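*Asks:* What follows is data.txt; its format and atoms are compact mmCIF, C-alpha atoms.
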# COMPACT_ATOMS: atom_id res chain seq x y z
CA MET A 1 63.28 -3.80 -229.55
CA ASN A 2 60.07 -1.83 -229.65
CA ALA A 3 57.65 -1.57 -226.76
CA PRO A 4 54.42 -3.49 -227.38
CA SER A 5 51.16 -1.83 -228.26
CA THR A 6 48.11 -2.34 -226.11
CA THR A 7 47.07 -5.30 -228.26
CA SER A 8 50.52 -6.80 -228.78
CA THR A 9 51.00 -10.46 -227.97
CA VAL A 10 54.74 -10.07 -227.48
CA PRO A 11 56.18 -8.87 -224.16
CA ALA A 12 58.67 -6.00 -224.30
CA ASN A 13 61.75 -8.16 -223.66
CA VAL A 14 60.94 -10.66 -226.41
CA ALA A 15 62.72 -10.74 -229.76
CA MET A 16 60.63 -9.37 -232.62
CA ALA A 17 62.10 -11.50 -235.43
CA SER A 18 59.55 -13.69 -237.21
CA PRO A 19 59.99 -17.34 -236.20
CA PRO A 20 60.08 -20.13 -238.77
CA VAL A 21 57.00 -21.75 -237.22
CA ASP A 22 53.49 -20.62 -236.40
CA PRO A 23 53.67 -18.41 -233.25
CA LEU A 24 51.25 -20.84 -231.56
CA PHE A 25 54.16 -23.24 -231.04
CA LEU A 26 56.03 -20.54 -229.08
CA ALA A 27 53.01 -19.65 -226.94
CA THR A 28 52.65 -23.11 -225.40
CA PRO A 29 55.61 -24.25 -223.29
CA LYS A 30 56.09 -27.62 -221.68
CA ILE A 31 55.73 -27.63 -217.89
CA SER A 32 57.75 -29.95 -215.64
CA THR A 33 56.86 -30.15 -211.96
CA PHE A 34 59.32 -30.77 -209.13
CA ASN A 35 59.44 -31.28 -205.40
CA GLY A 36 62.87 -29.89 -204.62
CA GLU A 37 65.15 -31.71 -207.07
CA GLN A 38 62.76 -34.64 -207.53
CA SER A 39 61.08 -34.65 -210.93
CA LEU A 40 57.35 -35.37 -210.67
CA THR A 41 55.20 -34.87 -213.79
CA ASN A 42 54.98 -33.23 -217.20
CA ALA A 43 52.11 -31.02 -218.31
CA SER A 44 51.15 -28.31 -220.80
CA GLY A 45 50.46 -24.60 -220.50
CA PHE A 46 50.43 -21.31 -222.34
CA PHE A 47 51.40 -17.67 -221.94
CA PHE A 48 48.72 -15.04 -221.28
CA GLN A 49 49.46 -11.31 -221.22
CA ARG A 50 47.22 -8.79 -219.44
CA GLY A 51 48.47 -5.25 -219.92
CA GLU A 52 52.12 -5.29 -218.88
CA ARG A 53 51.75 -8.45 -216.79
CA LEU A 54 52.68 -11.90 -218.11
CA PHE A 55 51.24 -15.16 -216.80
CA LEU A 56 51.60 -18.89 -217.29
CA ALA A 57 48.19 -20.57 -217.45
CA THR A 58 47.55 -24.28 -216.97
CA SER A 59 45.29 -26.71 -215.11
CA ARG A 60 45.01 -26.24 -211.38
CA HIS A 61 45.79 -29.93 -210.78
CA VAL A 62 49.23 -29.38 -212.35
CA PHE A 63 50.14 -27.21 -209.35
CA ILE A 64 48.36 -29.31 -206.73
CA ASP A 65 46.16 -32.39 -206.76
CA GLU A 66 45.03 -33.51 -203.34
CA ASP A 67 43.46 -36.76 -204.60
CA SER A 68 46.80 -38.08 -205.88
CA ASP A 69 48.87 -36.23 -203.25
CA HIS A 70 50.63 -34.33 -206.04
CA ARG A 71 52.28 -31.37 -204.31
CA PRO A 72 55.15 -29.82 -206.30
CA ASP A 73 56.93 -26.77 -204.90
CA ARG A 74 58.28 -25.48 -208.20
CA ILE A 75 57.90 -25.84 -211.95
CA GLU A 76 60.19 -25.46 -214.91
CA ILE A 77 59.18 -24.34 -218.40
CA THR A 78 61.15 -24.43 -221.63
CA LEU A 79 62.00 -21.11 -223.28
CA HIS A 80 63.37 -20.61 -226.78
CA LEU A 81 66.31 -18.25 -227.11
CA ASP A 82 66.55 -17.70 -230.86
CA ALA A 83 63.72 -16.86 -233.24
CA LYS A 84 65.51 -18.59 -236.11
CA ASP A 85 67.41 -21.42 -234.43
CA LEU A 86 64.76 -23.21 -232.38
CA THR A 87 67.25 -25.72 -231.03
CA ARG A 88 68.55 -23.01 -228.65
CA CYS A 89 66.46 -23.45 -225.50
CA THR A 90 66.77 -23.14 -221.75
CA GLY A 91 64.83 -24.17 -218.69
CA PHE A 92 63.22 -21.43 -216.61
CA SER A 93 62.33 -22.33 -213.03
CA MET A 94 59.59 -20.72 -210.93
CA LEU A 95 58.63 -21.35 -207.31
CA LEU A 96 55.01 -22.13 -206.50
CA TYR A 97 55.17 -20.97 -202.88
CA ALA A 98 56.72 -18.10 -200.94
CA ASP A 99 56.99 -18.49 -197.16
CA GLY A 100 54.49 -21.33 -197.35
CA THR A 101 51.89 -19.32 -199.27
CA ALA A 102 50.91 -20.17 -202.84
CA VAL A 103 51.93 -17.53 -205.37
CA TRP A 104 49.60 -18.95 -208.03
CA HIS A 105 45.86 -18.29 -208.31
CA GLN A 106 43.16 -20.86 -208.99
CA GLY A 107 39.78 -20.49 -210.60
CA GLN A 108 36.33 -20.62 -209.04
CA ASP A 109 32.88 -19.63 -210.27
CA SER A 110 29.24 -20.07 -209.31
CA GLY A 111 29.47 -23.78 -210.13
CA GLY A 112 32.40 -24.39 -207.77
CA ASP A 113 36.10 -24.95 -208.32
CA VAL A 114 37.49 -24.47 -211.83
CA ASP A 115 40.48 -26.58 -212.87
CA VAL A 116 42.46 -23.56 -214.09
CA ALA A 117 45.36 -21.74 -212.43
CA VAL A 118 47.77 -18.98 -213.36
CA LEU A 119 51.25 -18.09 -212.15
CA GLU A 120 52.61 -14.61 -212.81
CA ILE A 121 56.01 -14.55 -214.49
CA GLU A 122 58.60 -12.00 -213.38
CA ARG A 123 59.39 -10.50 -216.74
CA GLU A 124 62.61 -8.96 -215.48
CA ALA A 125 63.84 -12.48 -214.66
CA LEU A 126 63.30 -13.78 -218.21
CA PRO A 127 66.41 -14.17 -220.36
CA ASP A 128 66.91 -11.17 -222.64
CA GLU A 129 66.90 -13.51 -225.65
CA ALA A 130 63.61 -15.21 -224.75
CA VAL A 131 61.31 -15.71 -227.74
CA LEU A 132 57.68 -16.22 -226.83
CA PHE A 133 54.18 -15.22 -227.82
CA ALA A 134 51.24 -14.74 -225.50
CA PHE A 135 47.48 -14.75 -225.74
CA THR A 136 45.69 -11.60 -224.56
CA PRO A 137 42.09 -10.70 -223.67
CA GLU A 138 41.63 -9.88 -227.37
CA HIS A 139 42.03 -13.58 -228.14
CA LEU A 140 39.06 -14.59 -225.99
CA VAL A 141 35.69 -15.29 -227.59
CA ARG A 142 33.10 -12.67 -226.62
CA ASP A 143 30.38 -13.83 -229.01
CA PHE A 144 29.68 -17.52 -228.46
CA GLY A 145 27.68 -17.56 -231.68
CA ALA A 146 30.90 -16.89 -233.58
CA VAL A 147 32.02 -20.47 -232.86
CA PRO A 148 30.02 -22.71 -235.22
CA VAL A 149 28.91 -26.14 -234.09
CA ASP A 150 31.11 -27.76 -236.74
CA ALA A 151 34.24 -25.77 -235.88
CA THR A 152 37.56 -27.59 -235.98
CA VAL A 153 39.66 -26.85 -232.92
CA PHE A 154 43.15 -27.84 -231.81
CA ILE A 155 44.56 -28.87 -228.44
CA VAL A 156 48.22 -27.83 -228.29
CA GLY A 157 50.49 -29.53 -225.80
CA PHE A 158 52.65 -32.43 -224.75
CA PRO A 159 50.69 -35.72 -224.52
CA LEU A 160 52.60 -38.17 -222.31
CA GLY A 161 55.43 -35.62 -222.42
CA PHE A 162 55.86 -36.23 -226.16
CA GLN A 163 57.44 -33.40 -228.15
CA ASP A 164 59.91 -32.51 -230.87
CA GLU A 165 63.00 -33.25 -228.77
CA VAL A 166 65.31 -31.32 -231.10
CA HIS A 167 63.30 -28.09 -231.19
CA GLN A 168 61.38 -28.49 -227.89
CA LEU A 169 58.01 -27.86 -229.58
CA PRO A 170 54.52 -29.18 -228.75
CA VAL A 171 52.17 -31.13 -231.00
CA LEU A 172 48.70 -30.16 -232.22
CA ARG A 173 45.80 -32.58 -231.75
CA ARG A 174 42.76 -31.97 -233.93
CA ALA A 175 39.40 -32.05 -232.13
CA ALA A 176 35.78 -31.02 -232.48
CA ILE A 177 33.52 -29.21 -230.05
CA ALA A 178 31.20 -31.86 -228.64
CA SER A 179 28.76 -29.77 -226.59
CA PRO A 180 27.01 -26.48 -227.42
CA PHE A 181 29.68 -23.80 -227.11
CA GLY A 182 28.58 -21.13 -224.65
CA ILE A 183 26.49 -23.58 -222.58
CA ARG A 184 27.87 -24.69 -219.22
CA PHE A 185 28.10 -28.47 -219.48
CA GLN A 186 26.48 -30.11 -216.43
CA GLY A 187 26.19 -26.62 -214.93
CA GLN A 188 29.97 -26.18 -214.78
CA GLY A 189 32.06 -23.60 -216.63
CA MET A 190 33.25 -26.07 -219.24
CA PHE A 191 32.47 -27.48 -222.66
CA LEU A 192 33.35 -30.83 -224.24
CA THR A 193 35.75 -31.65 -227.03
CA ASP A 194 35.89 -34.82 -229.09
CA GLY A 195 39.49 -35.82 -229.74
CA ARG A 196 42.36 -37.96 -228.53
CA ALA A 197 44.00 -36.81 -225.32
CA HIS A 198 46.53 -38.25 -222.90
CA ARG A 199 48.15 -37.47 -219.58
CA GLY A 200 50.55 -34.56 -219.98
CA ILE A 201 48.21 -32.46 -222.09
CA SER A 202 46.44 -31.03 -219.03
CA GLY A 203 46.55 -27.24 -219.17
CA ALA A 204 46.84 -27.07 -222.96
CA PRO A 205 44.98 -24.29 -224.79
CA VAL A 206 42.00 -25.20 -226.95
CA VAL A 207 42.17 -22.90 -229.97
CA MET A 208 40.53 -22.10 -233.28
CA ARG A 209 42.19 -20.39 -236.23
CA ASP A 210 41.41 -16.66 -236.56
CA THR A 211 42.38 -14.02 -239.12
CA GLY A 212 41.08 -10.88 -237.41
CA PRO A 213 43.30 -7.84 -236.83
CA ALA A 214 43.15 -8.12 -233.02
CA THR A 215 44.93 -11.49 -233.11
CA GLY A 216 47.30 -10.72 -235.99
CA ALA A 217 50.61 -11.58 -234.26
CA LEU A 218 49.13 -14.80 -232.85
CA PRO A 219 46.24 -15.62 -235.23
CA TRP A 220 44.21 -17.94 -233.01
CA ARG A 221 41.11 -17.66 -230.83
CA LEU A 222 41.54 -18.99 -227.30
CA LEU A 223 38.40 -21.01 -226.50
CA GLY A 224 39.33 -23.01 -223.44
CA ILE A 225 41.85 -24.82 -221.24
CA HIS A 226 41.96 -28.59 -221.56
CA SER A 227 41.45 -30.32 -218.22
CA SER A 228 40.93 -34.08 -218.47
CA ARG A 229 39.31 -36.94 -220.31
CA MET A 230 35.64 -37.64 -219.63
CA ASP A 231 34.27 -41.16 -219.29
CA MET A 232 31.42 -43.19 -217.83
CA GLY A 233 32.13 -44.67 -214.43
CA ASN A 234 29.98 -47.71 -215.19
CA ARG A 235 31.56 -48.42 -218.60
CA ASP A 236 32.37 -52.08 -219.22
CA GLN A 237 36.15 -52.01 -219.66
CA VAL A 238 35.99 -54.99 -222.02
CA LEU A 239 32.86 -54.39 -224.10
CA ASP A 240 32.71 -50.58 -224.25
CA GLU A 241 35.28 -48.27 -225.75
CA SER A 242 36.22 -45.04 -224.01
CA LEU A 243 33.98 -42.11 -224.90
CA GLY A 244 36.92 -40.16 -226.30
CA LEU A 245 35.52 -36.94 -224.85
CA ASN A 246 37.40 -34.27 -222.90
CA GLY A 247 36.50 -31.40 -220.61
CA ALA A 248 37.77 -27.89 -221.34
CA TRP A 249 37.13 -24.89 -219.11
CA TYR A 250 36.01 -21.67 -220.79
CA ALA A 251 39.00 -19.38 -221.20
CA ASP A 252 37.23 -16.25 -219.95
CA ILE A 253 38.06 -17.39 -216.39
CA LEU A 254 41.50 -15.89 -217.16
CA LEU A 255 40.02 -12.40 -216.97
CA THR A 256 39.19 -13.02 -213.32
CA LEU A 257 42.48 -14.70 -212.48
CA THR A 258 44.70 -12.04 -214.07
CA GLN A 259 42.95 -8.84 -213.03
CA ASP A 260 44.98 -6.32 -211.08
CA PRO A 261 44.62 -6.59 -207.30
CA PRO A 262 42.30 -3.96 -205.87
CA ALA A 263 43.94 -0.78 -204.67
CA PRO A 264 44.03 -0.46 -200.89
CA ALA A 265 41.13 1.50 -199.48
CA PRO A 266 42.01 4.99 -198.28
CA THR A 267 42.35 5.25 -194.55
CA ALA A 268 40.77 8.01 -192.50
CA PRO A 269 43.24 10.37 -190.80
CA ALA A 270 44.06 9.31 -187.29
CA GLU A 271 42.20 10.99 -184.49
CA PRO A 272 44.61 13.43 -182.80
CA ALA A 273 45.73 12.57 -179.32
CA ALA A 274 44.04 14.46 -176.50
CA SER A 275 47.22 16.47 -175.83
CA ASP A 276 47.28 17.58 -179.50
CA ARG A 277 43.71 18.80 -179.62
CA PRO A 278 43.07 22.55 -179.39
CA PRO A 279 41.47 23.65 -176.13
CA PRO A 280 37.70 24.02 -176.30
CA LYS A 281 36.38 27.51 -176.93
CA ALA A 282 34.77 29.23 -174.01
CA PRO A 283 31.02 29.72 -174.39
CA VAL A 284 29.98 33.20 -175.54
How does this structure look as structure tokens?

*Replies:*
Amino acid sequence: MNAPSTTSTVPANVAMASPPVDPLFLATPKISTFNGEQSLTNASGFFFQRGERLFLATSRHVFIDEDSDHRPDRIEITLHLDAKDLTRCTGFSMLLYADGTAVWHQGQDSGGDVDVAVLEIEREALPDEAVLFAFTPEHLVRDFGAVPVDATVFIVGFPLGFQDEVHQLPVLRRAAIASPFGIRFQGQGMFLTDGRAHRGISGAPVVMRDTGPATGALPWRLLGIHSSRMDMGNRDQVLDESLGLNGAWYADILLTLTQDPPAPAPTAPAEPAASDRPPPKAPV
């Protein structure tokens, strides 16, 4: 196996054989949450690589949701083990806390909390045969004007936990961008999509097809992270249909969540003890 280049979407311990499906399907694993051995919920997520570091990104409420008292202590994702035979899979478990402290990081910006979180993956712990693809900073949209108002986007995940049970693959839901892309909807770091969504698709990437060289191995632009359905609180449940709109957080929050921790500040040399100091010079 070759070491990745600086723009590679494939970690160093990942098989390089071309899979029989679009790499997008191998960049978006299913997430199962647990409290000890008790199974709790299913959700969606995706891999994000920053330099040599690999992360799992999803919605923050997948890791903790105080309103519903959802408090898992570990998650499990599905990994594929053969680039050709996609029926060969395994579960990969990761703890969410170490000594009572969260090992995942959540998003926040000037508008308040952001429903996005990342968990760093210990690459050395991955199976040698693991086959996965990851988004990188090169997949993020820098020029909001490059996303036209009529762009077709896809939300890739596991609605209600639904998937290809034989090959352990997600499904793609077609959607449209429903608010001006690049504008913070209601002052928050999100935009709206118009498309069908269900529980279990929280944390799914919102993507748009791309053919540029920077995204060649994974030819998609990462626009956002699906969070939840949007609706009117005063909607008549009998007379009015659901809005069918969803909130997605802008994906550039990942640059903040995955940046390297700051290097420790240099410390000044300790003041020598009085017994170690040279005797004062006599006045001349």

*Asks:* For each of A:Gly45, A:Pro261, A:Gly224, A:Gly161, take the minimum atom-to-atom distance to Leu119 of chain A, counting only C-alpha atoms, then give the residue where this is smallest.

*Replies:*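 Going through A:Gly45, A:Pro261, A:Gly224, A:Gly161 one by one, the smallest distance to Leu119 of chain A is for A:Gly45.
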
*Asks:* If we count all atoms listed in the file, what is near Ser202 of chain A at a cut-off of 6 Å, once residues fewer than 4 positions away on the same chain are taken out, given as a PyMOL selection string?

*Replies:* chain A and resi 43-44+59+226-227

*Asks:* Considering all atoms listed in the file, can you say which of A:Leu223, A:Val141, A:Leu132, A:Met94 comes closest to Leu169 of chain A?

*Replies:*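 Closest candidate: A:Leu132.
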
*Asks:* For Phe135 of chain A, list every protein, DNA or RNA residue within 9 Å, evaluated using all atoms listed in the file, and leave out those in the same chain fewer than 3 positions away; present the list as a PyMOL selection string.

*Replies:* chain A and resi 9-10+27+46-50+138-140+215+218+220-222

*Asks:* Separation of atom CA of Pro180 of chain A and atom CA of Asp143 of chain A, in Å?

*Replies:* 13.2 Å

*Asks:* For a test of reading the model, state the distance in Å between atom CA of Asp164 of chain A and atom CA of Phe25 of chain A, rounded to one decimal.

*Replies:*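 A separation of 10.9 Å between them.
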
*Asks:* What lies within 10 Å of Ile77 of chain A using all atoms listed in the file, ignoring chain neighbours under 3 positions off, as number ranges by chain?

*Replies:* A: 28-33, 42-45, 56, 90-94

*Asks:* Could you please take those selected residues and save C-alpha atoms as a tab-separated table (two decimals), in the coordinates of the input?

*Replies:*
chain	number	residue	atom	x	y	z
A	28	THR	CA	52.65	-23.11	-225.40
A	29	PRO	CA	55.61	-24.25	-223.29
A	30	LYS	CA	56.09	-27.62	-221.68
A	31	ILE	CA	55.73	-27.63	-217.89
A	32	SER	CA	57.75	-29.95	-215.64
A	33	THR	CA	56.86	-30.15	-211.96
A	42	ASN	CA	54.98	-33.23	-217.20
A	43	ALA	CA	52.11	-31.02	-218.31
A	44	SER	CA	51.15	-28.31	-220.80
A	45	GLY	CA	50.46	-24.60	-220.50
A	56	LEU	CA	51.60	-18.89	-217.29
A	90	THR	CA	66.77	-23.14	-221.75
A	91	GLY	CA	64.83	-24.17	-218.69
A	92	PHE	CA	63.22	-21.43	-216.61
A	93	SER	CA	62.33	-22.33	-213.03
A	94	MET	CA	59.59	-20.72	-210.93

*Asks:* Point out the residue among A:Val171, A:Ala248, A:Leu79, A:Ala146 with the least atom-to-atom distance to Asp22 of chain A, counting only C-alpha atoms.

*Replies:*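 Looking at the shortest contact to Asp22 of chain A, the residue is A:Val171.
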
*Asks:* Neighbouring residues of Asp109 of chain A were defined as those with any atom within 9 Å, considering only C-alpha atoms; residues of the same chain fewer than 4 positions away were excluded. Please report them as a list of chain:residue names.

*Replies:*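 In the requested form, the answer reads A:Asp113, A:Val114, A:Gln188, A:Gly189, A:Ile253.
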
*Asks:* Write out the residues from the selection above, keeping C-alpha atoms, as a PDB file, in the frame of the given file.

*Replies:*
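Result went into again.pdb, see below:
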ATOM      1  CA  ASP A 113      36.100 -24.950-208.320  1.00  0.00           C
ATOM      2  CA  VAL A 114      37.490 -24.470-211.830  1.00  0.00           C
ATOM      3  CA  GLN A 188      29.970 -26.180-214.780  1.00  0.00           C
ATOM      4  CA  GLY A 189      32.060 -23.600-216.630  1.00  0.00           C
ATOM      5  CA  ILE A 253      38.060 -17.390-216.390  1.00  0.00           C
TER       6      ILE A 253
END

*Asks:* Between A:Gly200, A:Gly145, A:Gly36, A:Gly182, which residue has the minimum interatomic distance to Phe162 of chain A, considering only C-alpha atoms?

*Replies:*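 When distances to Phe162 of chain A are compared using only C-alpha atoms, the smallest one comes from A:Gly200.
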
*Asks:* Using only C-alpha atoms, which of the listed residues (A:Thr78, A:Ser68, A:Gln168, A:Asn246) sits closest to Ser228 of chain A?

*Replies:*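 Under the stated criterion, the closest residue is A:Asn246.
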
*Asks:* Distance atom CA of Asp69 of chain A-atom CA of Val116 of chain A, one decimal place?

*Replies:*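 Calculated distance between atom CA of Asp69 of chain A and atom CA of Val116 of chain A is 17.9 Å.
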
*Asks:* Leaving out Pro170 of chain A and any residue of its chain fewer than 2 positions from it, which residues lie within 6 Å of it when counting all atoms listed in the file, given as a compact mmCIF listing (two decimals) with C-alpha atoms, in the coordinates of the input?

*Replies:*
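See selection.txt below for the written result:
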# COMPACT_ATOMS: atom_id res chain seq x y z
CA GLY A 157 50.49 -29.53 -225.80
CA PHE A 158 52.65 -32.43 -224.75
CA GLN A 163 57.44 -33.40 -228.15

*Asks:* Which residue out of A:Phe154, A:Phe55, A:Phe144, A:Phe191 has the minimum interatomic distance to Trp104 of chain A when all atoms listed in the file are used?

*Replies:*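 Residue with the minimum atom-to-atom distance to Trp104 of chain A: A:Phe55.
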
*Asks:* Would you be able to write out as a list in words which residues have an atom within 12 Å of (33.1, -25.0, -239.0) in the file's coordinates, counting all atoms listed in the file?

*Replies:*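 Checked against the point, the hits come out as Gly145, Ala146, Val147, Pro148, Val149, Asp150, Ala151, Thr152, Val153, Ala175, Ala176, Ile177, Met208 and Arg209 of chain A.
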